[in-house]
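This is start_31.cif (mmCIF, N, CA and C atoms and all ligand atoms).
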```cif
data_query
#
loop_
_atom_site.label_atom_id
_atom_site.label_comp_id
_atom_site.auth_asym_id
_atom_site.auth_seq_id
_atom_site.Cartn_x
_atom_site.Cartn_y
_atom_site.Cartn_z
N MET A 118 12.95 -41.31 52.59
CA MET A 118 12.60 -39.95 53.01
C MET A 118 12.21 -39.95 54.48
N LYS A 119 12.78 -38.99 55.20
CA LYS A 119 12.49 -38.90 56.63
C LYS A 119 11.35 -37.91 56.85
N ILE A 120 10.35 -38.29 57.63
CA ILE A 120 9.23 -37.39 57.92
C ILE A 120 9.64 -36.44 59.04
N SER A 121 9.70 -35.19 58.72
CA SER A 121 10.14 -34.19 59.70
C SER A 121 8.99 -33.82 60.63
N LYS A 122 9.32 -33.07 61.66
CA LYS A 122 8.30 -32.61 62.60
C LYS A 122 7.28 -31.73 61.88
N ARG A 123 7.78 -30.93 60.95
CA ARG A 123 6.87 -30.04 60.21
C ARG A 123 5.87 -30.84 59.38
N ASP A 124 6.37 -31.90 58.74
CA ASP A 124 5.47 -32.76 57.95
C ASP A 124 4.39 -33.34 58.84
N THR A 125 4.78 -33.78 60.02
CA THR A 125 3.82 -34.39 60.94
C THR A 125 2.73 -33.39 61.30
N ILE A 126 3.14 -32.16 61.64
CA ILE A 126 2.16 -31.13 61.99
C ILE A 126 1.22 -30.89 60.82
N PHE A 127 1.80 -30.84 59.59
CA PHE A 127 0.98 -30.61 58.40
C PHE A 127 -0.06 -31.72 58.24
N ILE A 128 0.40 -32.97 58.41
CA ILE A 128 -0.52 -34.11 58.25
C ILE A 128 -1.64 -34.04 59.29
N VAL A 129 -1.29 -33.69 60.52
CA VAL A 129 -2.30 -33.59 61.58
C VAL A 129 -3.34 -32.53 61.22
N ILE A 130 -2.87 -31.36 60.76
CA ILE A 130 -3.81 -30.29 60.41
C ILE A 130 -4.73 -30.73 59.29
N VAL A 131 -4.19 -31.36 58.26
CA VAL A 131 -5.02 -31.81 57.13
C VAL A 131 -6.07 -32.81 57.62
N THR A 132 -5.66 -33.72 58.49
CA THR A 132 -6.60 -34.72 59.02
C THR A 132 -7.74 -34.04 59.77
N VAL A 133 -7.39 -33.06 60.63
CA VAL A 133 -8.41 -32.36 61.41
C VAL A 133 -9.38 -31.64 60.47
N VAL A 134 -8.86 -30.96 59.44
CA VAL A 134 -9.72 -30.22 58.51
C VAL A 134 -10.67 -31.18 57.80
N ILE A 135 -10.15 -32.31 57.32
CA ILE A 135 -11.00 -33.28 56.61
C ILE A 135 -12.09 -33.80 57.54
N THR A 136 -11.73 -34.08 58.79
CA THR A 136 -12.72 -34.57 59.76
C THR A 136 -13.85 -33.57 59.93
N PHE A 137 -13.49 -32.29 60.10
CA PHE A 137 -14.52 -31.27 60.30
C PHE A 137 -15.41 -31.13 59.07
N LEU A 138 -14.81 -31.19 57.88
CA LEU A 138 -15.61 -31.08 56.66
C LEU A 138 -16.59 -32.24 56.56
N THR A 139 -16.14 -33.44 56.91
CA THR A 139 -17.02 -34.61 56.85
C THR A 139 -18.17 -34.47 57.82
N LEU A 140 -17.86 -34.06 59.06
CA LEU A 140 -18.91 -33.90 60.06
C LEU A 140 -19.88 -32.80 59.63
N GLY A 141 -19.35 -31.71 59.08
CA GLY A 141 -20.19 -30.61 58.62
C GLY A 141 -21.17 -31.06 57.56
N ALA A 142 -20.71 -31.89 56.64
CA ALA A 142 -21.58 -32.38 55.57
C ALA A 142 -22.70 -33.23 56.16
N LYS A 143 -22.39 -34.01 57.19
CA LYS A 143 -23.41 -34.83 57.83
C LYS A 143 -24.48 -33.97 58.47
N GLU A 144 -24.05 -32.89 59.14
CA GLU A 144 -24.99 -32.03 59.85
C GLU A 144 -25.96 -31.36 58.89
N ARG A 145 -25.58 -31.23 57.64
CA ARG A 145 -26.42 -30.52 56.69
C ARG A 145 -27.63 -31.35 56.25
N THR A 146 -27.62 -32.64 56.50
CA THR A 146 -28.80 -33.43 56.15
C THR A 146 -29.97 -32.98 57.03
N THR A 147 -31.14 -32.92 56.46
CA THR A 147 -32.30 -32.35 57.14
C THR A 147 -33.24 -33.45 57.60
N LYS A 148 -34.26 -33.06 58.33
CA LYS A 148 -35.26 -34.00 58.81
C LYS A 148 -36.01 -34.61 57.64
N ALA A 149 -36.31 -35.89 57.75
CA ALA A 149 -37.08 -36.56 56.71
C ALA A 149 -38.53 -36.13 56.79
N VAL A 150 -39.23 -36.24 55.67
CA VAL A 150 -40.67 -36.02 55.67
C VAL A 150 -41.31 -37.12 56.51
N PRO A 151 -42.22 -36.77 57.44
CA PRO A 151 -42.83 -37.82 58.28
C PRO A 151 -43.54 -38.86 57.41
N ASP A 152 -43.48 -40.10 57.84
CA ASP A 152 -44.13 -41.19 57.12
C ASP A 152 -45.52 -41.41 57.72
N ASP A 153 -46.46 -40.52 57.36
CA ASP A 153 -47.83 -40.66 57.87
C ASP A 153 -48.81 -40.41 56.74
N ALA A 154 -50.11 -40.55 57.04
CA ALA A 154 -51.14 -40.46 56.00
C ALA A 154 -51.09 -39.12 55.28
N THR A 155 -50.96 -38.03 56.06
CA THR A 155 -50.91 -36.70 55.46
C THR A 155 -49.80 -36.60 54.43
N HIS A 156 -48.63 -37.03 54.84
CA HIS A 156 -47.47 -36.83 53.97
C HIS A 156 -47.40 -37.85 52.85
N ASP A 157 -48.16 -38.94 52.98
CA ASP A 157 -48.24 -39.89 51.88
C ASP A 157 -49.05 -39.33 50.72
N GLN A 158 -49.96 -38.39 51.01
CA GLN A 158 -50.87 -37.88 49.98
C GLN A 158 -50.34 -36.62 49.29
N ALA A 159 -49.51 -35.86 49.96
CA ALA A 159 -49.06 -34.58 49.41
C ALA A 159 -47.96 -34.82 48.38
N THR A 160 -48.19 -34.33 47.17
CA THR A 160 -47.19 -34.54 46.13
C THR A 160 -46.73 -33.25 45.47
N SER A 161 -47.40 -32.14 45.76
CA SER A 161 -46.99 -30.90 45.11
C SER A 161 -46.59 -29.87 46.15
N ARG A 162 -45.82 -28.93 45.73
CA ARG A 162 -45.36 -27.89 46.63
C ARG A 162 -46.55 -27.12 47.20
N GLU A 163 -47.58 -26.89 46.37
CA GLU A 163 -48.76 -26.16 46.84
C GLU A 163 -49.38 -26.89 48.03
N GLN A 164 -49.47 -28.22 47.92
CA GLN A 164 -50.02 -29.00 49.04
C GLN A 164 -49.15 -28.84 50.27
N CYS A 165 -47.85 -28.96 50.10
CA CYS A 165 -46.96 -28.81 51.25
C CYS A 165 -47.18 -27.47 51.91
N MET A 166 -47.29 -26.44 51.10
CA MET A 166 -47.31 -25.09 51.64
C MET A 166 -48.66 -24.71 52.28
N THR A 167 -49.74 -25.48 52.01
CA THR A 167 -50.98 -25.20 52.73
C THR A 167 -50.76 -25.43 54.22
N CYS A 168 -49.90 -26.34 54.58
CA CYS A 168 -49.62 -26.58 56.00
C CYS A 168 -48.29 -25.97 56.44
N HIS A 169 -47.35 -25.83 55.53
CA HIS A 169 -46.02 -25.37 55.93
C HIS A 169 -45.73 -23.94 55.50
N GLY A 170 -46.73 -23.26 54.93
CA GLY A 170 -46.60 -21.83 54.67
C GLY A 170 -46.73 -21.05 55.98
N ILE A 171 -46.56 -19.74 55.89
CA ILE A 171 -46.57 -18.89 57.09
C ILE A 171 -47.86 -19.06 57.90
N GLU A 172 -48.99 -19.23 57.19
CA GLU A 172 -50.29 -19.34 57.85
C GLU A 172 -50.63 -20.77 58.24
N GLY A 173 -49.80 -21.72 57.88
CA GLY A 173 -50.11 -23.14 58.05
C GLY A 173 -50.02 -23.62 59.49
N VAL A 174 -50.35 -24.92 59.68
CA VAL A 174 -50.32 -25.50 61.02
C VAL A 174 -48.89 -25.69 61.51
N LYS A 175 -47.96 -25.92 60.57
CA LYS A 175 -46.56 -26.07 60.96
C LYS A 175 -45.68 -25.34 59.96
N PRO A 176 -45.55 -24.02 60.14
CA PRO A 176 -44.78 -23.23 59.17
C PRO A 176 -43.32 -23.65 59.13
N GLN A 177 -42.73 -23.45 57.96
CA GLN A 177 -41.29 -23.66 57.85
C GLN A 177 -40.61 -22.70 58.82
N PRO A 178 -39.47 -23.09 59.37
CA PRO A 178 -38.79 -22.19 60.31
C PRO A 178 -38.33 -20.91 59.62
N LEU A 179 -38.12 -19.88 60.41
CA LEU A 179 -37.61 -18.61 59.90
C LEU A 179 -36.26 -18.85 59.22
N GLY A 180 -36.06 -18.19 58.11
CA GLY A 180 -34.79 -18.35 57.41
C GLY A 180 -34.69 -19.66 56.66
N HIS A 181 -35.81 -20.36 56.52
CA HIS A 181 -35.82 -21.60 55.76
C HIS A 181 -35.47 -21.30 54.30
N PRO A 182 -34.71 -22.18 53.64
CA PRO A 182 -34.38 -21.94 52.23
C PRO A 182 -35.64 -21.75 51.39
N LYS A 183 -35.56 -20.86 50.41
CA LYS A 183 -36.74 -20.58 49.57
C LYS A 183 -36.92 -21.64 48.49
N ALA A 184 -36.03 -22.63 48.46
CA ALA A 184 -36.05 -23.62 47.38
C ALA A 184 -37.37 -24.37 47.32
N ASN A 185 -37.76 -24.79 46.13
CA ASN A 185 -39.05 -25.44 45.91
C ASN A 185 -38.99 -26.96 45.97
N GLN A 186 -37.85 -27.52 45.68
CA GLN A 186 -37.75 -28.97 45.58
C GLN A 186 -37.61 -29.55 46.98
N CYS A 187 -38.73 -29.67 47.69
CA CYS A 187 -38.72 -30.10 49.09
C CYS A 187 -37.90 -31.38 49.29
N PHE A 188 -38.06 -32.32 48.36
CA PHE A 188 -37.48 -33.65 48.58
C PHE A 188 -35.99 -33.70 48.30
N GLN A 189 -35.44 -32.59 47.76
CA GLN A 189 -34.00 -32.56 47.60
C GLN A 189 -33.34 -32.54 48.98
N CYS A 190 -34.02 -31.96 49.94
CA CYS A 190 -33.44 -31.85 51.28
C CYS A 190 -34.17 -32.73 52.29
N HIS A 191 -35.49 -32.83 52.18
CA HIS A 191 -36.25 -33.65 53.13
C HIS A 191 -36.58 -34.98 52.47
N LYS A 192 -35.96 -36.02 52.95
CA LYS A 192 -36.13 -37.34 52.34
C LYS A 192 -37.59 -37.78 52.49
N GLN A 193 -38.15 -38.25 51.41
CA GLN A 193 -39.54 -38.70 51.43
C GLN A 193 -39.60 -40.18 51.79
N PRO A 194 -40.76 -40.66 52.32
CA PRO A 194 -40.89 -42.09 52.63
C PRO A 194 -40.70 -42.92 51.37
N ASP A 195 -40.23 -44.14 51.54
CA ASP A 195 -39.87 -44.99 50.39
C ASP A 195 -41.06 -45.33 49.50
N HIS A 196 -42.22 -45.55 50.13
CA HIS A 196 -43.39 -46.00 49.37
C HIS A 196 -44.28 -44.84 48.97
N TRP A 197 -43.66 -43.71 48.66
CA TRP A 197 -44.35 -42.47 48.32
C TRP A 197 -45.26 -42.64 47.10
N VAL A 198 -46.48 -42.04 47.13
CA VAL A 198 -47.37 -42.16 45.98
C VAL A 198 -46.79 -41.44 44.76
N GLY A 199 -46.23 -40.23 45.01
CA GLY A 199 -45.65 -39.49 43.89
C GLY A 199 -44.33 -40.10 43.47
N SER A 200 -43.59 -40.59 44.43
CA SER A 200 -42.26 -41.20 44.29
C SER A 200 -41.38 -40.45 43.30
N ALA A 201 -41.55 -39.14 43.26
CA ALA A 201 -40.68 -38.31 42.43
C ALA A 201 -40.67 -36.91 43.02
N VAL A 202 -39.87 -36.05 42.48
CA VAL A 202 -39.86 -34.67 42.92
C VAL A 202 -41.23 -34.07 42.61
N PRO A 203 -41.87 -33.38 43.56
CA PRO A 203 -43.22 -32.86 43.30
C PRO A 203 -43.21 -31.82 42.19
N SER A 204 -44.29 -31.82 41.42
CA SER A 204 -44.45 -30.76 40.43
C SER A 204 -44.73 -29.47 41.17
N GLN A 205 -44.43 -28.34 40.52
CA GLN A 205 -44.50 -27.10 41.29
C GLN A 205 -45.77 -26.32 41.07
C1 LIG A 301 -52.26 -31.39 55.89
C2 LIG A 301 -51.10 -30.68 56.40
C3 LIG A 301 -49.71 -31.04 55.88
C4 LIG A 301 -49.30 -31.19 54.56
C5 LIG A 301 -50.11 -31.12 53.28
C6 LIG A 301 -47.86 -31.44 54.62
N1 LIG A 301 -47.44 -31.45 55.94
FE1 LIG A 301 -45.51 -31.70 56.58
N2 LIG A 301 -46.14 -31.64 58.53
C7 LIG A 301 -47.45 -31.38 58.94
C8 LIG A 301 -47.49 -31.38 60.39
C9 LIG A 301 -48.73 -31.12 61.24
C10 LIG A 301 -46.18 -31.66 60.84
C11 LIG A 301 -45.66 -31.79 62.27
C12 LIG A 301 -46.12 -33.06 62.92
C13 LIG A 301 -45.45 -34.25 62.36
O1 LIG A 301 -44.21 -34.39 62.52
O2 LIG A 301 -46.14 -35.12 61.78
C14 LIG A 301 -45.34 -31.80 59.65
C15 LIG A 301 -43.98 -32.05 59.65
C16 LIG A 301 -43.15 -31.99 58.52
C17 LIG A 301 -41.71 -32.02 58.54
C18 LIG A 301 -40.83 -32.07 59.77
C19 LIG A 301 -40.69 -33.45 60.31
C20 LIG A 301 -40.02 -33.42 61.67
O3 LIG A 301 -39.34 -34.40 61.98
O4 LIG A 301 -40.18 -32.43 62.40
C21 LIG A 301 -41.28 -31.97 57.24
C22 LIG A 301 -39.84 -31.98 56.74
C23 LIG A 301 -42.45 -31.89 56.41
N3 LIG A 301 -43.59 -31.91 57.21
C24 LIG A 301 -42.43 -31.80 55.03
C25 LIG A 301 -43.55 -31.77 54.22
C26 LIG A 301 -43.51 -31.79 52.76
C27 LIG A 301 -42.24 -31.82 51.92
C28 LIG A 301 -44.80 -31.76 52.34
C29 LIG A 301 -45.31 -31.81 50.89
C30 LIG A 301 -44.96 -33.01 50.15
C31 LIG A 301 -45.66 -31.70 53.52
N4 LIG A 301 -44.86 -31.72 54.63
C32 LIG A 301 -47.05 -31.63 53.50
C33 LIG A 301 -48.53 -31.14 58.13
C34 LIG A 301 -48.53 -31.20 56.73
C1 LIG A 302 -32.19 -26.50 50.32
C2 LIG A 302 -32.70 -27.48 51.27
C3 LIG A 302 -34.16 -27.45 51.66
C4 LIG A 302 -35.26 -27.47 50.82
C5 LIG A 302 -35.29 -27.51 49.30
C6 LIG A 302 -36.42 -27.48 51.67
N1 LIG A 302 -36.04 -27.47 53.00
FE1 LIG A 302 -37.27 -27.53 54.63
N2 LIG A 302 -35.63 -27.41 55.89
C7 LIG A 302 -34.33 -27.33 55.48
C8 LIG A 302 -33.48 -27.15 56.64
C9 LIG A 302 -31.94 -27.02 56.60
C10 LIG A 302 -34.34 -27.13 57.76
C11 LIG A 302 -33.95 -26.95 59.22
C12 LIG A 302 -33.27 -28.17 59.75
C13 LIG A 302 -34.24 -29.27 59.96
O1 LIG A 302 -35.02 -29.19 60.93
O2 LIG A 302 -34.28 -30.21 59.17
C14 LIG A 302 -35.69 -27.31 57.26
C15 LIG A 302 -36.82 -27.39 58.07
C16 LIG A 302 -38.12 -27.57 57.58
C17 LIG A 302 -39.30 -27.75 58.41
C18 LIG A 302 -39.34 -27.73 59.93
C19 LIG A 302 -38.92 -29.07 60.46
C20 LIG A 302 -38.92 -29.05 61.97
O3 LIG A 302 -39.77 -29.74 62.56
O4 LIG A 302 -38.08 -28.37 62.56
C21 LIG A 302 -40.37 -27.91 57.58
C22 LIG A 302 -41.82 -28.11 58.00
C23 LIG A 302 -39.87 -27.84 56.23
N3 LIG A 302 -38.49 -27.64 56.27
C24 LIG A 302 -40.65 -27.94 55.08
C25 LIG A 302 -40.19 -27.82 53.78
C26 LIG A 302 -41.07 -27.80 52.61
C27 LIG A 302 -42.57 -27.94 52.62
C28 LIG A 302 -40.24 -27.67 51.51
C29 LIG A 302 -40.65 -27.53 50.04
C30 LIG A 302 -41.49 -26.36 49.72
C31 LIG A 302 -38.87 -27.61 52.00
N4 LIG A 302 -38.89 -27.69 53.38
C32 LIG A 302 -37.74 -27.51 51.20
C33 LIG A 302 -33.86 -27.42 54.17
C34 LIG A 302 -34.66 -27.44 53.02
#
```

Could the structure of this file be written out as structure tokens, please?
Amino acid sequence: MKISKRDTIFIVIVTVVITFLTLGAKERTTKAVPDDATHDQATSREQCMTCHGIEGVKPQPLGHPKANQCFQCHKQPDHWVGSAVPSQ
């Protein structure tokens, strides 16, 4: 089978699309939870939100997802005391 010019263009387009999808998925990873004393102790969403609620010292950014499972997106330190998804 001979690869025509059209096939080549098609392959190039598919490659470009796959590359962009891969890069996009990488960009979606979020900042990890800081590995410090404060964050080693917080295990529940309520604790997180005392500092990261609107009134807190470091509020979540505007338009932040309303999701509760913080650690689904923000990677927790490896030696976490809770070492699980926080109870809500
Ligand atoms: C006692 C207050 C306090 C509590 C409780 C707290 N944080 Fe934080 N958090 C901070 C402060 C202050 C900063 C910004 C300074 C820093 O990076 O350490 C921060 C930064 C962050 C950041 C951004 C890190 C970065 O690189 O900018 C994330 C993500 C985060 N916290 C998640 C959490 C989660 C999830 C919890 C609950 C398990 C939590 N925090 C509990 C005070 C708190
Ligand atoms: C669905 C995914 C998702 C969940 C769940 C989530 N976040 Fe975030 N969070 C993000 C994204 C995306 C950003 C903005 C990009 C970034 O800075 O990481 C962000 C940013 C933040 C920041 C600001 C980081 C900085 O310094 O710019 C804080 C603080 C934070 N989140 C706290 C929390 C807390 C606390 C919870 C749990 C109640 C939580 N997040 C749950 C996706 C999520």

* Asked: Which of these, A:Phe137, A:Thr125, A:Ser161, A:Gly170, has the shortest distance to ligand LIG 301 (chain A) once you count all atoms listed in the file?
  ->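 Closest residue, counting all atoms listed in the file: A:Ser161.
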
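With distances restricted to all atoms listed in the file, A:Asp152 is the closest residue to Asp195 (chain A) from A:Lys122, A:Ala159, A:Met166, A:Asp152.
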
* Asked: Quick one: residues within 5 Å of ligand LIG 301 (chain A), with only N, CA and C atoms and all ligand atoms, as a count of residues only?
  -> 10

Name each residue within 6.5 Å of ligand LIG 302 (chain A), counting all atoms listed in the file, as a CSV table (one decimal) with N, CA and C atoms, in the frame of the given file.
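The result, stored in result02.csv:
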```csv
chain,number,residue,atom,x,y,z
A,145,ARG,N,-25.6,-31.2,57.6
A,145,ARG,CA,-26.4,-30.5,56.7
A,145,ARG,C,-27.6,-31.4,56.2
A,146,THR,N,-27.6,-32.6,56.5
A,146,THR,CA,-28.8,-33.4,56.2
A,146,THR,C,-30.0,-33.0,57.0
A,147,THR,N,-31.1,-32.9,56.5
A,147,THR,CA,-32.3,-32.4,57.1
A,147,THR,C,-33.2,-33.4,57.6
A,148,LYS,N,-34.3,-33.1,58.3
A,148,LYS,CA,-35.3,-34.0,58.8
A,148,LYS,C,-36.0,-34.6,57.6
A,149,ALA,N,-36.3,-35.9,57.8
A,149,ALA,CA,-37.1,-36.6,56.7
A,149,ALA,C,-38.5,-36.1,56.8
A,162,ARG,N,-45.8,-28.9,45.7
A,162,ARG,CA,-45.4,-27.9,46.6
A,162,ARG,C,-46.6,-27.1,47.2
A,165,CYS,N,-47.8,-29.0,50.1
A,165,CYS,CA,-47.0,-28.8,51.2
A,165,CYS,C,-47.2,-27.5,51.9
A,166,MET,N,-47.3,-26.4,51.1
A,166,MET,CA,-47.3,-25.1,51.6
A,166,MET,C,-48.7,-24.7,52.3
A,169,HIS,N,-47.4,-25.8,55.5
A,169,HIS,CA,-46.0,-25.4,55.9
A,169,HIS,C,-45.7,-23.9,55.5
A,175,LYS,N,-48.0,-25.9,60.6
A,175,LYS,CA,-46.6,-26.1,61.0
A,175,LYS,C,-45.7,-25.3,60.0
A,176,PRO,N,-45.6,-24.0,60.1
A,176,PRO,CA,-44.8,-23.2,59.2
A,176,PRO,C,-43.3,-23.6,59.1
A,177,GLN,N,-42.7,-23.4,58.0
A,177,GLN,CA,-41.3,-23.7,57.8
A,177,GLN,C,-40.6,-22.7,58.8
A,178,PRO,N,-39.5,-23.1,59.4
A,178,PRO,CA,-38.8,-22.2,60.3
A,178,PRO,C,-38.3,-20.9,59.6
A,181,HIS,N,-35.8,-20.4,56.5
A,181,HIS,CA,-35.8,-21.6,55.8
A,181,HIS,C,-35.5,-21.3,54.3
A,182,PRO,N,-34.7,-22.2,53.6
A,182,PRO,CA,-34.4,-21.9,52.2
A,182,PRO,C,-35.6,-21.8,51.4
A,183,LYS,N,-35.6,-20.9,50.4
A,183,LYS,CA,-36.7,-20.6,49.6
A,183,LYS,C,-36.9,-21.6,48.5
A,184,ALA,N,-36.0,-22.6,48.5
A,184,ALA,CA,-36.0,-23.6,47.4
A,184,ALA,C,-37.4,-24.4,47.3
A,185,ASN,N,-37.8,-24.8,46.1
A,185,ASN,CA,-39.0,-25.4,45.9
A,185,ASN,C,-39.0,-27.0,46.0
A,186,GLN,N,-37.8,-27.5,45.7
A,186,GLN,CA,-37.8,-29.0,45.6
A,186,GLN,C,-37.6,-29.6,47.0
A,187,CYS,N,-38.7,-29.7,47.7
A,187,CYS,CA,-38.7,-30.1,49.1
A,187,CYS,C,-37.9,-31.4,49.3
A,188,PHE,N,-38.1,-32.3,48.4
A,188,PHE,CA,-37.5,-33.6,48.6
A,188,PHE,C,-36.0,-33.7,48.3
A,189,GLN,N,-35.4,-32.6,47.8
A,189,GLN,CA,-34.0,-32.6,47.6
A,189,GLN,C,-33.3,-32.5,49.0
A,190,CYS,N,-34.0,-32.0,49.9
A,190,CYS,CA,-33.4,-31.8,51.3
A,190,CYS,C,-34.2,-32.7,52.3
A,191,HIS,N,-35.5,-32.8,52.2
A,191,HIS,CA,-36.2,-33.6,53.1
A,191,HIS,C,-36.6,-35.0,52.5
```

* So which bits of region 156-191 of chain A end up alpha helix (DSSP H) when you DSSP the backbone, as an MDAnalysis selection string? -> chainID A and resid 156:158 162:169 187:190

Dump of N, CA and C atoms for the selected residues, as a PDB file, in the frame of the given file:
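And here is the file that came out, out_7.pdb:
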```pdb
ATOM      1  N   HIS A 156     -48.630 -37.030  54.840  1.00  0.00           N
ATOM      2  CA  HIS A 156     -47.470 -36.830  53.970  1.00  0.00           C
ATOM      3  C   HIS A 156     -47.400 -37.850  52.850  1.00  0.00           C
ATOM      4  N   ASP A 157     -48.160 -38.940  52.980  1.00  0.00           N
ATOM      5  CA  ASP A 157     -48.240 -39.890  51.880  1.00  0.00           C
ATOM      6  C   ASP A 157     -49.050 -39.330  50.720  1.00  0.00           C
ATOM      7  N   GLN A 158     -49.960 -38.390  51.010  1.00  0.00           N
ATOM      8  CA  GLN A 158     -50.870 -37.880  49.980  1.00  0.00           C
ATOM      9  C   GLN A 158     -50.340 -36.620  49.290  1.00  0.00           C
ATOM     10  N   ARG A 162     -45.820 -28.930  45.730  1.00  0.00           N
ATOM     11  CA  ARG A 162     -45.360 -27.890  46.630  1.00  0.00           C
ATOM     12  C   ARG A 162     -46.550 -27.120  47.200  1.00  0.00           C
ATOM     13  N   GLU A 163     -47.580 -26.890  46.370  1.00  0.00           N
ATOM     14  CA  GLU A 163     -48.760 -26.160  46.840  1.00  0.00           C
ATOM     15  C   GLU A 163     -49.380 -26.890  48.030  1.00  0.00           C
ATOM     16  N   GLN A 164     -49.470 -28.220  47.920  1.00  0.00           N
ATOM     17  CA  GLN A 164     -50.020 -29.000  49.040  1.00  0.00           C
ATOM     18  C   GLN A 164     -49.150 -28.840  50.270  1.00  0.00           C
ATOM     19  N   CYS A 165     -47.850 -28.960  50.100  1.00  0.00           N
ATOM     20  CA  CYS A 165     -46.960 -28.810  51.250  1.00  0.00           C
ATOM     21  C   CYS A 165     -47.180 -27.470  51.910  1.00  0.00           C
ATOM     22  N   MET A 166     -47.290 -26.440  51.100  1.00  0.00           N
ATOM     23  CA  MET A 166     -47.310 -25.090  51.640  1.00  0.00           C
ATOM     24  C   MET A 166     -48.660 -24.710  52.280  1.00  0.00           C
ATOM     25  N   THR A 167     -49.740 -25.480  52.010  1.00  0.00           N
ATOM     26  CA  THR A 167     -50.980 -25.200  52.730  1.00  0.00           C
ATOM     27  C   THR A 167     -50.760 -25.430  54.220  1.00  0.00           C
ATOM     28  N   CYS A 168     -49.900 -26.340  54.580  1.00  0.00           N
ATOM     29  CA  CYS A 168     -49.620 -26.580  56.000  1.00  0.00           C
ATOM     30  C   CYS A 168     -48.290 -25.970  56.440  1.00  0.00           C
ATOM     31  N   HIS A 169     -47.350 -25.830  55.530  1.00  0.00           N
ATOM     32  CA  HIS A 169     -46.020 -25.370  55.930  1.00  0.00           C
ATOM     33  C   HIS A 169     -45.730 -23.940  55.500  1.00  0.00           C
ATOM     34  N   CYS A 187     -38.730 -29.670  47.690  1.00  0.00           N
ATOM     35  CA  CYS A 187     -38.720 -30.100  49.090  1.00  0.00           C
ATOM     36  C   CYS A 187     -37.900 -31.380  49.290  1.00  0.00           C
ATOM     37  N   PHE A 188     -38.060 -32.320  48.360  1.00  0.00           N
ATOM     38  CA  PHE A 188     -37.480 -33.650  48.580  1.00  0.00           C
ATOM     39  C   PHE A 188     -35.990 -33.700  48.300  1.00  0.00           C
ATOM     40  N   GLN A 189     -35.440 -32.590  47.760  1.00  0.00           N
ATOM     41  CA  GLN A 189     -34.000 -32.560  47.600  1.00  0.00           C
ATOM     42  C   GLN A 189     -33.340 -32.540  48.980  1.00  0.00           C
ATOM     43  N   CYS A 190     -34.020 -31.960  49.940  1.00  0.00           N
ATOM     44  CA  CYS A 190     -33.440 -31.850  51.280  1.00  0.00           C
ATOM     45  C   CYS A 190     -34.170 -32.730  52.290  1.00  0.00           C
TER      46      CYS A 190
END
```

* For atom N of Arg123 (chain A) and CA of Leu140 (chain A), quote the distance in Å rounded to one decimal. => 26.9 Å

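If you look at CA of Gln193 (chain A) and atom C of Ala154 (chain A), they are 12.2 Å away from each other.
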
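One distance worth recording is that between atom C of His156 (chain A) and atom C of Lys192 (chain A), which is 9.8 Å.
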